[in-house]
>>> print(open('model.pdb').read())   # PDB, C-alpha atoms
ATOM      1  CA  MET A   1       5.303 239.423 174.201  1.00  0.00           C
ATOM      2  CA  GLY A   2       6.869 241.978 176.486  1.00  0.00           C
ATOM      3  CA  CYS A   3       6.417 245.622 175.440  1.00  0.00           C
ATOM      4  CA  ARG A   4       8.958 247.847 177.146  1.00  0.00           C
ATOM      5  CA  ARG A   5       8.323 251.437 178.146  1.00  0.00           C
ATOM      6  CA  ASN A   6      12.066 251.893 178.811  1.00  0.00           C
ATOM      7  CA  ARG A   7      12.160 255.410 180.289  1.00  0.00           C
ATOM      8  CA  LYS A   8       9.515 256.684 177.873  1.00  0.00           C
ATOM      9  CA  ASP A   9       7.883 258.834 180.568  1.00  0.00           C
ATOM     10  CA  GLU A  10      11.206 260.472 181.452  1.00  0.00           C
ATOM     11  CA  LEU A  11      11.907 261.263 177.811  1.00  0.00           C
ATOM     12  CA  GLN A  12       8.430 262.752 177.497  1.00  0.00           C
ATOM     13  CA  GLY A  13       9.104 264.946 180.512  1.00  0.00           C
ATOM     14  CA  ILE A  14      12.372 266.225 179.067  1.00  0.00           C
ATOM     15  CA  TRP A  15      10.685 267.042 175.757  1.00  0.00           C
ATOM     16  CA  GLU A  16       7.799 268.841 177.434  1.00  0.00           C
ATOM     17  CA  SER A  17      10.207 270.926 179.533  1.00  0.00           C
ATOM     18  CA  TRP A  18      11.711 272.523 176.415  1.00  0.00           C
ATOM     19  CA  ASP A  19      10.500 275.792 174.969  1.00  0.00           C
ATOM     20  CA  GLU A  20       9.071 275.856 171.458  1.00  0.00           C
ATOM     21  CA  ALA A  21      12.275 277.179 169.909  1.00  0.00           C
ATOM     22  CA  LYS A  22      14.269 274.260 171.267  1.00  0.00           C
ATOM     23  CA  LYS A  23      11.670 271.730 170.169  1.00  0.00           C
ATOM     24  CA  THR A  24      11.845 272.960 166.586  1.00  0.00           C
ATOM     25  CA  CYS A  25      15.625 272.441 166.617  1.00  0.00           C
ATOM     26  CA  PHE A  26      15.053 268.762 167.285  1.00  0.00           C
ATOM     27  CA  TRP A  27      13.470 266.340 164.823  1.00  0.00           C
ATOM     28  CA  ASP A  28      10.067 267.558 165.897  1.00  0.00           C
ATOM     29  CA  LYS A  29       7.975 264.808 164.382  1.00  0.00           C
ATOM     30  CA  LEU A  30      10.287 262.005 165.500  1.00  0.00           C
ATOM     31  CA  SER A  31       9.651 263.077 169.077  1.00  0.00           C
ATOM     32  CA  GLN A  32       5.951 262.368 168.566  1.00  0.00           C
ATOM     33  CA  ILE A  33       6.714 258.678 168.865  1.00  0.00           C
ATOM     34  CA  LEU A  34       7.142 259.318 172.596  1.00  0.00           C
ATOM     35  CA  PHE A  35       3.457 260.211 172.862  1.00  0.00           C
ATOM     36  CA  VAL A  36       1.979 257.188 171.104  1.00  0.00           C
ATOM     37  CA  ARG A  37      -0.565 255.432 173.320  1.00  0.00           C
ATOM     38  CA  LEU A  38       0.293 251.769 172.964  1.00  0.00           C
ATOM     39  CA  ASP A  39      -2.504 249.193 173.081  1.00  0.00           C
ATOM     40  CA  VAL A  40      -0.550 246.164 174.273  1.00  0.00           C
ATOM     41  CA  ALA A  41      -3.458 243.733 173.888  1.00  0.00           C
ATOM     42  CA  LEU A  42      -4.016 244.728 170.264  1.00  0.00           C
ATOM     43  CA  LEU A  43      -0.312 244.513 169.477  1.00  0.00           C
ATOM     44  CA  LYS A  44      -0.046 241.040 170.990  1.00  0.00           C
ATOM     45  CA  ALA A  45      -3.083 239.881 169.034  1.00  0.00           C
ATOM     46  CA  MET A  46      -1.688 241.228 165.768  1.00  0.00           C
ATOM     47  CA  VAL A  47       1.706 239.597 166.221  1.00  0.00           C
ATOM     48  CA  CYS A  48      -0.027 236.213 166.324  1.00  0.00           C
ATOM     49  CA  PHE A  49      -0.845 236.736 162.632  1.00  0.00           C
ATOM     50  CA  TRP A  50       2.808 237.149 161.643  1.00  0.00           C
ATOM     51  CA  ASP A  51       3.944 234.329 159.333  1.00  0.00           C
ATOM     52  CA  PRO A  52       7.686 233.717 159.847  1.00  0.00           C
ATOM     53  CA  THR A  53       7.878 231.598 156.698  1.00  0.00           C
ATOM     54  CA  TYR A  54       6.649 234.319 154.343  1.00  0.00           C
ATOM     55  CA  TRP A  55       7.770 237.264 156.504  1.00  0.00           C
ATOM     56  CA  CYS A  56       4.397 238.988 156.521  1.00  0.00           C
ATOM     57  CA  PHE A  57       1.124 239.306 158.417  1.00  0.00           C
ATOM     58  CA  THR A  58      -1.462 236.904 157.022  1.00  0.00           C
ATOM     59  CA  PHE A  59      -5.191 237.487 157.476  1.00  0.00           C
ATOM     60  CA  ASN A  60      -7.045 234.713 155.664  1.00  0.00           C
ATOM     61  CA  GLU A  61      -6.028 235.402 152.052  1.00  0.00           C
ATOM     62  CA  VAL A  62      -4.669 238.901 152.659  1.00  0.00           C
ATOM     63  CA  ASP A  63      -0.941 239.399 153.239  1.00  0.00           C
ATOM     64  CA  MET A  64       0.476 242.611 154.698  1.00  0.00           C
ATOM     65  CA  VAL A  65       3.996 243.697 155.553  1.00  0.00           C
ATOM     66  CA  PRO A  66       5.482 247.070 156.530  1.00  0.00           C
ATOM     67  CA  THR A  67       7.472 248.687 153.740  1.00  0.00           C
ATOM     68  CA  ILE A  68      10.551 250.888 153.823  1.00  0.00           C
ATOM     69  CA  ARG A  69       8.507 253.772 152.435  1.00  0.00           C
ATOM     70  CA  GLU A  70       5.935 253.395 155.218  1.00  0.00           C
ATOM     71  CA  TYR A  71       8.574 253.276 157.941  1.00  0.00           C
ATOM     72  CA  LEU A  72      10.311 256.241 156.370  1.00  0.00           C
ATOM     73  CA  SER A  73       7.033 258.118 156.694  1.00  0.00           C
ATOM     74  CA  LEU A  74       6.549 256.948 160.291  1.00  0.00           C
ATOM     75  CA  LEU A  75      10.036 258.174 161.179  1.00  0.00           C
ATOM     76  CA  TYR A  76       9.144 261.508 159.555  1.00  0.00           C
ATOM     77  CA  TYR A  77      12.236 261.698 157.380  1.00  0.00           C
ATOM     78  CA  ASP A  78      12.272 263.159 153.896  1.00  0.00           C
ATOM     79  CA  PHE A  79      15.427 262.210 152.024  1.00  0.00           C
ATOM     80  CA  ARG A  80      16.484 263.334 148.594  1.00  0.00           C
ATOM     81  CA  ASP A  81      18.370 260.058 148.199  1.00  0.00           C
ATOM     82  CA  PRO A  82      16.557 257.294 150.151  1.00  0.00           C
ATOM     83  CA  LEU A  83      19.102 254.747 148.866  1.00  0.00           C
ATOM     84  CA  ARG A  84      21.734 256.206 151.199  1.00  0.00           C
ATOM     85  CA  ILE A  85      20.986 253.778 154.005  1.00  0.00           C
ATOM     86  CA  TYR A  86      22.579 253.165 157.386  1.00  0.00           C
ATOM     87  CA  TRP A  87      25.174 250.416 157.535  1.00  0.00           C
ATOM     88  CA  LYS A  88      27.078 249.173 160.543  1.00  0.00           C
ATOM     89  CA  ARG A  89      30.753 250.029 160.323  1.00  0.00           C
ATOM     90  CA  ASN A  90      33.528 247.941 161.835  1.00  0.00           C
ATOM     91  CA  VAL A  91      34.953 250.654 164.067  1.00  0.00           C
ATOM     92  CA  ASP A  92      35.462 251.298 167.768  1.00  0.00           C
ATOM     93  CA  PHE A  93      32.268 253.113 168.769  1.00  0.00           C
ATOM     94  CA  ARG A  94      33.621 254.270 172.120  1.00  0.00           C
ATOM     95  CA  GLY A  95      35.392 257.230 170.524  1.00  0.00           C
ATOM     96  CA  PRO A  96      32.242 258.687 168.906  1.00  0.00           C
ATOM     97  CA  LEU A  97      30.357 258.066 172.147  1.00  0.00           C
ATOM     98  CA  ALA A  98      33.018 259.889 174.183  1.00  0.00           C
ATOM     99  CA  ASN A  99      32.802 262.848 171.796  1.00  0.00           C
ATOM    100  CA  LEU A 100      29.023 262.842 172.034  1.00  0.00           C
ATOM    101  CA  MET A 101      29.055 262.793 175.838  1.00  0.00           C
ATOM    102  CA  GLU A 102      31.987 265.237 176.020  1.00  0.00           C
ATOM    103  CA  LEU A 103      33.894 262.888 178.304  1.00  0.00           C
ATOM    104  CA  PRO A 104      37.370 261.312 178.118  1.00  0.00           C
ATOM    105  CA  ALA A 105      37.370 257.975 176.314  1.00  0.00           C
ATOM    106  CA  ASP A 106      38.738 256.202 179.404  1.00  0.00           C
ATOM    107  CA  THR A 107      35.879 257.566 181.515  1.00  0.00           C
ATOM    108  CA  VAL A 108      33.295 256.348 179.029  1.00  0.00           C
ATOM    109  CA  LYS A 109      35.007 252.966 178.793  1.00  0.00           C
ATOM    110  CA  SER A 110      34.860 252.533 182.578  1.00  0.00           C
ATOM    111  CA  ARG A 111      31.097 253.156 182.567  1.00  0.00           C
ATOM    112  CA  LEU A 112      30.196 250.676 179.846  1.00  0.00           C
ATOM    113  CA  LYS A 113      28.306 247.519 180.743  1.00  0.00           C
ATOM    114  CA  ASP A 114      28.449 244.220 178.876  1.00  0.00           C
ATOM    115  CA  LYS A 115      24.918 243.149 177.946  1.00  0.00           C
ATOM    116  CA  ASN A 116      25.660 241.028 174.885  1.00  0.00           C
ATOM    117  CA  GLY A 117      27.490 244.094 173.636  1.00  0.00           C
ATOM    118  CA  SER A 118      28.727 247.378 175.061  1.00  0.00           C
ATOM    119  CA  TYR A 119      26.019 249.561 176.597  1.00  0.00           C
ATOM    120  CA  ILE A 120      25.891 252.888 178.407  1.00  0.00           C
ATOM    121  CA  SER A 121      23.238 253.530 181.040  1.00  0.00           C
ATOM    122  CA  TRP A 122      20.420 256.046 180.658  1.00  0.00           C
ATOM    123  CA  SER A 123      21.509 257.655 183.921  1.00  0.00           C
ATOM    124  CA  ASP A 124      24.949 258.407 182.437  1.00  0.00           C
ATOM    125  CA  ILE A 125      23.341 259.871 179.309  1.00  0.00           C
ATOM    126  CA  ARG A 126      20.950 261.946 181.414  1.00  0.00           C
ATOM    127  CA  ASN A 127      23.838 263.286 183.503  1.00  0.00           C
ATOM    128  CA  ALA A 128      25.726 264.226 180.338  1.00  0.00           C
ATOM    129  CA  MET A 129      22.613 265.986 179.028  1.00  0.00           C
ATOM    130  CA  GLY A 130      22.440 268.017 182.232  1.00  0.00           C
ATOM    131  CA  LYS A 131      25.925 269.387 181.572  1.00  0.00           C
ATOM    132  CA  ALA A 132      25.515 269.858 177.825  1.00  0.00           C
ATOM    133  CA  SER A 133      23.840 272.603 175.847  1.00  0.00           C
ATOM    134  CA  GLY A 134      22.885 273.431 172.295  1.00  0.00           C
ATOM    135  CA  ASP A 135      23.434 270.800 169.630  1.00  0.00           C
ATOM    136  CA  ILE A 136      25.154 268.368 172.009  1.00  0.00           C
ATOM    137  CA  HIS A 137      22.144 268.357 174.328  1.00  0.00           C
ATOM    138  CA  LEU A 138      19.823 267.656 171.389  1.00  0.00           C
ATOM    139  CA  ALA A 139      22.120 264.950 170.023  1.00  0.00           C
ATOM    140  CA  LEU A 140      22.199 263.183 173.387  1.00  0.00           C
ATOM    141  CA  PHE A 141      18.414 263.292 173.526  1.00  0.00           C
ATOM    142  CA  ALA A 142      18.216 261.790 170.026  1.00  0.00           C
ATOM    143  CA  PHE A 143      20.749 259.136 171.084  1.00  0.00           C
ATOM    144  CA  ALA A 144      18.514 258.234 174.026  1.00  0.00           C
ATOM    145  CA  VAL A 145      15.347 258.116 171.896  1.00  0.00           C
ATOM    146  CA  TYR A 146      16.957 255.788 169.381  1.00  0.00           C
ATOM    147  CA  GLY A 147      18.547 253.602 172.042  1.00  0.00           C
ATOM    148  CA  LEU A 148      15.652 253.370 174.489  1.00  0.00           C
ATOM    149  CA  ILE A 149      12.651 253.533 172.141  1.00  0.00           C
ATOM    150  CA  VAL A 150      13.618 252.622 168.561  1.00  0.00           C
ATOM    151  CA  PHE A 151      16.275 249.971 169.356  1.00  0.00           C
ATOM    152  CA  PRO A 152      15.468 248.948 172.969  1.00  0.00           C
ATOM    153  CA  LYS A 153      17.851 246.055 173.555  1.00  0.00           C
ATOM    154  CA  ALA A 154      18.439 246.372 177.301  1.00  0.00           C
ATOM    155  CA  LEU A 155      16.149 248.044 179.804  1.00  0.00           C
ATOM    156  CA  GLY A 156      17.641 251.371 180.855  1.00  0.00           C
ATOM    157  CA  TYR A 157      20.707 251.048 178.610  1.00  0.00           C
ATOM    158  CA  VAL A 158      21.709 252.229 175.129  1.00  0.00           C
ATOM    159  CA  ASN A 159      23.978 250.324 172.748  1.00  0.00           C
ATOM    160  CA  VAL A 160      27.157 252.329 172.085  1.00  0.00           C
ATOM    161  CA  GLU A 161      26.939 251.443 168.378  1.00  0.00           C
ATOM    162  CA  LEU A 162      24.037 253.869 168.101  1.00  0.00           C
ATOM    163  CA  ALA A 163      26.496 256.744 168.452  1.00  0.00           C
ATOM    164  CA  ASP A 164      27.636 255.915 164.926  1.00  0.00           C
ATOM    165  CA  PHE A 165      24.009 255.412 163.861  1.00  0.00           C
ATOM    166  CA  LEU A 166      23.319 258.965 165.013  1.00  0.00           C
ATOM    167  CA  ILE A 167      26.386 260.326 163.196  1.00  0.00           C
ATOM    168  CA  GLN A 168      25.326 258.673 159.949  1.00  0.00           C
ATOM    169  CA  ASN A 169      21.774 260.003 160.369  1.00  0.00           C
ATOM    170  CA  GLU A 170      23.111 263.528 160.697  1.00  0.00           C
ATOM    171  CA  LYS A 171      24.910 263.009 157.387  1.00  0.00           C
ATOM    172  CA  GLY A 172      21.601 262.231 155.694  1.00  0.00           C
ATOM    173  CA  VAL A 173      21.426 258.439 155.600  1.00  0.00           C
ATOM    174  CA  ASN A 174      18.052 256.723 155.579  1.00  0.00           C
ATOM    175  CA  PRO A 175      17.507 254.854 158.901  1.00  0.00           C
ATOM    176  CA  ALA A 176      14.197 253.237 157.893  1.00  0.00           C
ATOM    177  CA  PRO A 177      15.648 250.016 156.372  1.00  0.00           C
ATOM    178  CA  ALA A 178      17.649 249.311 159.540  1.00  0.00           C
ATOM    179  CA  VAL A 179      14.636 249.888 161.803  1.00  0.00           C
ATOM    180  CA  LEU A 180      12.338 247.806 159.606  1.00  0.00           C
ATOM    181  CA  ALA A 181      14.861 244.974 159.225  1.00  0.00           C
ATOM    182  CA  GLU A 182      15.272 244.822 163.001  1.00  0.00           C
ATOM    183  CA  THR A 183      11.488 244.673 163.420  1.00  0.00           C
ATOM    184  CA  ILE A 184      11.038 241.839 160.915  1.00  0.00           C
ATOM    185  CA  ILE A 185      13.926 239.819 162.361  1.00  0.00           C
ATOM    186  CA  LEU A 186      12.455 240.128 165.851  1.00  0.00           C
ATOM    187  CA  LEU A 187       8.943 239.214 164.681  1.00  0.00           C
ATOM    188  CA  ASN A 188      10.352 236.080 163.070  1.00  0.00           C
ATOM    189  CA  PHE A 189      12.300 235.244 166.205  1.00  0.00           C
ATOM    190  CA  ILE A 190       9.410 235.485 168.648  1.00  0.00           C
ATOM    191  CA  ARG A 191       7.074 233.545 166.339  1.00  0.00           C
ATOM    192  CA  ARG A 192       9.583 230.751 165.685  1.00  0.00           C
ATOM    193  CA  LYS A 193      11.039 230.502 169.179  1.00  0.00           C
ATOM    194  CA  GLY A 194       7.969 231.402 171.204  1.00  0.00           C
ATOM    195  CA  ASP A 195       9.946 234.133 172.974  1.00  0.00           C
ATOM    196  CA  ARG A 196       7.569 236.654 174.565  1.00  0.00           C
ATOM    197  CA  ARG A 197      10.050 239.543 174.578  1.00  0.00           C
ATOM    198  CA  PHE A 198       9.829 241.874 171.606  1.00  0.00           C
ATOM    199  CA  LEU A 199      12.973 243.991 171.847  1.00  0.00           C
ATOM    200  CA  GLY A 200      12.109 246.201 168.902  1.00  0.00           C
ATOM    201  CA  CYS A 201      10.243 249.447 168.444  1.00  0.00           C
ATOM    202  CA  THR A 202       6.751 248.437 169.520  1.00  0.00           C
ATOM    203  CA  LEU A 203       5.504 252.007 169.115  1.00  0.00           C
ATOM    204  CA  LEU A 204       6.361 252.242 165.410  1.00  0.00           C
ATOM    205  CA  LEU A 205       4.933 248.789 164.745  1.00  0.00           C
ATOM    206  CA  PHE A 206       1.739 249.734 166.554  1.00  0.00           C
ATOM    207  CA  VAL A 207       1.370 252.987 164.597  1.00  0.00           C
ATOM    208  CA  TRP A 208       1.847 251.050 161.357  1.00  0.00           C
ATOM    209  CA  MET A 209      -0.816 248.566 162.445  1.00  0.00           C
ATOM    210  CA  LYS A 210      -3.361 251.178 163.406  1.00  0.00           C
ATOM    211  CA  SER A 211      -2.785 253.067 160.147  1.00  0.00           C
ATOM    212  CA  HIS A 212      -4.062 249.986 158.313  1.00  0.00           C
ATOM    213  CA  PHE A 213      -6.940 249.241 160.668  1.00  0.00           C
ATOM    214  CA  ARG A 214      -8.076 252.749 161.507  1.00  0.00           C
ATOM    215  CA  CYS A 215     -11.672 252.075 160.552  1.00  0.00           C
ATOM    216  CA  LEU A 216     -11.841 249.103 162.925  1.00  0.00           C
ATOM    217  CA  TYR A 217     -10.191 250.616 165.963  1.00  0.00           C
ATOM    218  CA  LYS A 218     -12.295 253.274 167.684  1.00  0.00           C
ATOM    219  CA  LEU A 219      -9.744 254.329 170.279  1.00  0.00           C
ATOM    220  CA  PHE A 220      -7.269 255.901 167.874  1.00  0.00           C
ATOM    221  CA  PRO A 221      -6.456 259.535 168.693  1.00  0.00           C
TER
END
>>> encode(input="model.pdb", output="structure tokens")
Amino acid sequence: MGCRRNRKDELQGIWESWDEAKKTCFWDKLSQILFVRLDVALLKAMVCFWDPTYWCFTFNEVDMVPTIREYLSLLYYDFRDPLRIYWKRNVDFRGPLANLMELPADTVKSRLKDKNGSYISWSDIRNAMGKASGDIHLALFAFAVYGLIVFPKALGYVNVELADFLIQNEKGVNPAPAVLAETIILLNFIRRKGDRRFLGCTLLLFVWMKSHFRCLYKLFP
């Protein structure tokens, strides 16, 4: 199972370069996912216990599965209405992305790459961040965190659909079901197909695992 860092160190560096006032303007606790120390060996071992038939981890007679409430806690969101969940809309996502990057739509379109979907490179996002300020700069950083860390589909690239994901998040939708559903689908896929690439959020899955096995794992911070 491949566990991708996907520009994690660069994102850490950007976060650490901010002053405290700027950090508090961002989703402060969400950024902590960038500093999780991943134990790849433990994660690989745990995934072997995933049962794709029952969609859960099975340890002898004990079954465990991440819940929406747990992932909501891991994402550090507190919603008054957790039933307002993210849903993928059938719209052209290039417009929202162009607005986010403050670039003409034609310019954004010319920079997109086809990787089983339309993707924008991290280098283009980073360049846009260098020219942006205030809320736009923070939104681009959030876009990169979601695209490179939470939904890492292509190394060094972010799916343009996440521009709409970000917009819906800002309106107060609950992203946890989408993140958890993606994780479960990918766990089923790699266990059924024997694919070693886990293109989901390994960091969140690892934090969930260690929260349930804290007493057995001495290296937890």
>>> atom_distance(input="model.pdb", atom1="atom CA of Val150 of chain A", atom2="atom CA of Ser121 of chain A")
15.8 Å
>>> atom_distance(input="model.pdb", atom1="atom CA of Arg7 of chain A", atom2="atom CA of Arg192 of chain A")
28.8 Å
>>> closest_residue(input="model.pdb", among="A:Leu34, A:Ala163, A:Ala105, A:Met64", to="Lys8 of chain A", atoms="all atoms listed in the file")
A:Leu34
>>> residues_around(input="model.pdb", residues="Gly156 of chain A", least_positions_apart="6", cutoff="10 Å", atoms="only C-alpha atoms", output="PDB file with C-alpha atoms, keeping the file's coordinate frame")
ATOM      1  CA  ARG A   5       8.323 251.437 178.146  1.00  0.00           C
ATOM      2  CA  ASN A   6      12.066 251.893 178.811  1.00  0.00           C
ATOM      3  CA  ARG A   7      12.160 255.410 180.289  1.00  0.00           C
ATOM      4  CA  TYR A 119      26.019 249.561 176.597  1.00  0.00           C
ATOM      5  CA  ILE A 120      25.891 252.888 178.407  1.00  0.00           C
ATOM      6  CA  SER A 121      23.238 253.530 181.040  1.00  0.00           C
ATOM      7  CA  TRP A 122      20.420 256.046 180.658  1.00  0.00           C
ATOM      8  CA  SER A 123      21.509 257.655 183.921  1.00  0.00           C
ATOM      9  CA  ALA A 144      18.514 258.234 174.026  1.00  0.00           C
ATOM     10  CA  GLY A 147      18.547 253.602 172.042  1.00  0.00           C
ATOM     11  CA  LEU A 148      15.652 253.370 174.489  1.00  0.00           C
TER      12      LEU A 148
END
>>> resolve_selection(input="model.pdb", expression="the PyMOL selection byres ((chain A and resi 167-171) around 10)", output="ChimeraX atom specification")
/A:84-88,96,100,139,143,162-166,172-175
>>> atom_distance(input="model.pdb", atom1="atom CA of Asp124 of chain A", atom2="atom CA of Trp15 of chain A")
18.0 Å
>>> residues_around(input="model.pdb", residues="Pro152 of chain A", least_positions_apart="4", cutoff="8 Å", atoms="only C-alpha atoms", output="PDB file with C-alpha atoms, in the coordinates of the input")
ATOM      1  CA  ARG A   4       8.958 247.847 177.146  1.00  0.00           C
ATOM      2  CA  ASN A   6      12.066 251.893 178.811  1.00  0.00           C
ATOM      3  CA  TYR A 146      16.957 255.788 169.381  1.00  0.00           C
ATOM      4  CA  GLY A 147      18.547 253.602 172.042  1.00  0.00           C
ATOM      5  CA  LEU A 148      15.652 253.370 174.489  1.00  0.00           C
ATOM      6  CA  TYR A 157      20.707 251.048 178.610  1.00  0.00           C
ATOM      7  CA  VAL A 158      21.709 252.229 175.129  1.00  0.00           C
ATOM      8  CA  LEU A 199      12.973 243.991 171.847  1.00  0.00           C
ATOM      9  CA  GLY A 200      12.109 246.201 168.902  1.00  0.00           C
ATOM     10  CA  CYS A 201      10.243 249.447 168.444  1.00  0.00           C
TER      11      CYS A 201
END
>>> axis_aligned_box(input="model.pdb", around="segment 6-13 of chain A", padding_each_side="8 Å", output="AutoDock Vina command-line options")
--center_x 10.0 --center_y 258.4 --center_z 179.5 --size_x 20.3 --size_y 29.1 --size_z 20.0
>>> closest_residue(input="model.pdb", among="A:Cys48, A:Val36, A:Leu43, A:Val108", to="Val160 of chain A", atoms="all atoms listed in the file")
A:Val108
>>> resolve_selection(input="model.pdb", expression="the PyMOL selection byres ((chain A and resi 206-212) around 10)", output="PyMOL selection string")
chain A and resi 33+36-40+42-44+46+64-67+70-71+73-74+201-205+213-217+219-220
>>> resolve_selection(input="model.pdb", expression="the PyMOL selection byres ((chain A and resi 189) around 12)", output="ChimeraX atom specification")
/A:1,47,50-53,55,182-188,190-200
>>> closest_residue(input="model.pdb", among="A:Ala178, A:Glu161, A:Gly134, A:Gly117", to="Ala98 of chain A", atoms="only C-alpha atoms")
A:Glu161
